[in-house]
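Everything on this sheet refers to the single structure shown next.
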Amino acid sequence: MSDPAKVRRHAERVRELVASVVRSQIKDPRLGMITITDARITADLRDATVFYTVLGDAVAQADTAAALESAKGLLRSTVGKALGLRHSPTLTFVLDDVQDQVKHIDDLLAAARNADAEVQRLAARAEYAGEAQPYRVDEDETDDEAADVPENPRGGAAR
């Protein structure tokens, strides 16, 4: 097992190298507007997963995935030489669907805001189900008489 800090450094370096090679050396016309978002590498430094996003529809995403698969050998050799490891890590490309998740969460938050606004609108027009003062108040009793009578623990006055 390697040091976790070393693994993180290698993962960051893999991300930078793949982004650099994609930007400068790969001339595949299928490659769309791609952004390398993250890279993770296993503790034994043998397998690396590279996450990417593509601007465009499903066809652009599929074309970019095919272009990355065809350029995997060039990318792996570049990463292996730059890292100076005994074994070049195998690269796996995963489409990062963060934008879809963000849109879904935004839609859920908007629905919650609308539901809260509806509850507030209904609460503003709400009235009491009965009278505003639901307890019977004797108008004959004064405050002094009520204070002289001790209260029963079950409620009401003890007599």
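Within each chain, counting starts at residue 1; across the structure tokens, chains are named A, B, ... in the order shown, with ligands numbered 1 upward in that order.
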
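For chain A, backbone-based DSSP labels the following residues as strand (DSSP E or B): Met33, Ile34, Thr35, Ile36, Thr37, Asp38, Ala39, Arg40, Ile41, Asp47, Ala48, Thr49, Val50, Phe51, Tyr52, Thr53, Val54, Leu55, Thr90, Leu91, Thr92, Phe93, Val94, Leu95, Glu151 and Ala157 of chain A.
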
Near-segment 1-18 of chain A list (9 Å; only C-alpha atoms; drop same-chain fewer than 4 positions) as a PyMOL selection string: chain A and resi 22-23+36-45+48-51+75-76+78-79+82-83

Check the smallest atom-to-atom distance from each of A:Asp57, A:Asp47, A:Asp106, A:Asp138 to Phe93 of chain A using only C-alpha atoms, then report the winner. A:Asp47

Atomic distance atom CA of Ala60 of chain A - atom CA of Gly32 of chain A, expressed in Å with one decimal: 6.2 Å

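For segment 61-74 of chain A, the list of residues within 10 Å, based on only C-alpha atoms and with local chain neighbours fewer than 5 positions off taken out, reads Val18, Val21, Val22, Gln25, Ile26, Lys27, Asp28, Pro29, Arg30, Leu31, Gly32, Met33, Ile34, Tyr52, Thr53, Val54, Leu55, Gly56, Val79, Gly80, Thr90, Leu91, Thr92, Phe93, Val94 and Leu95 of chain A.
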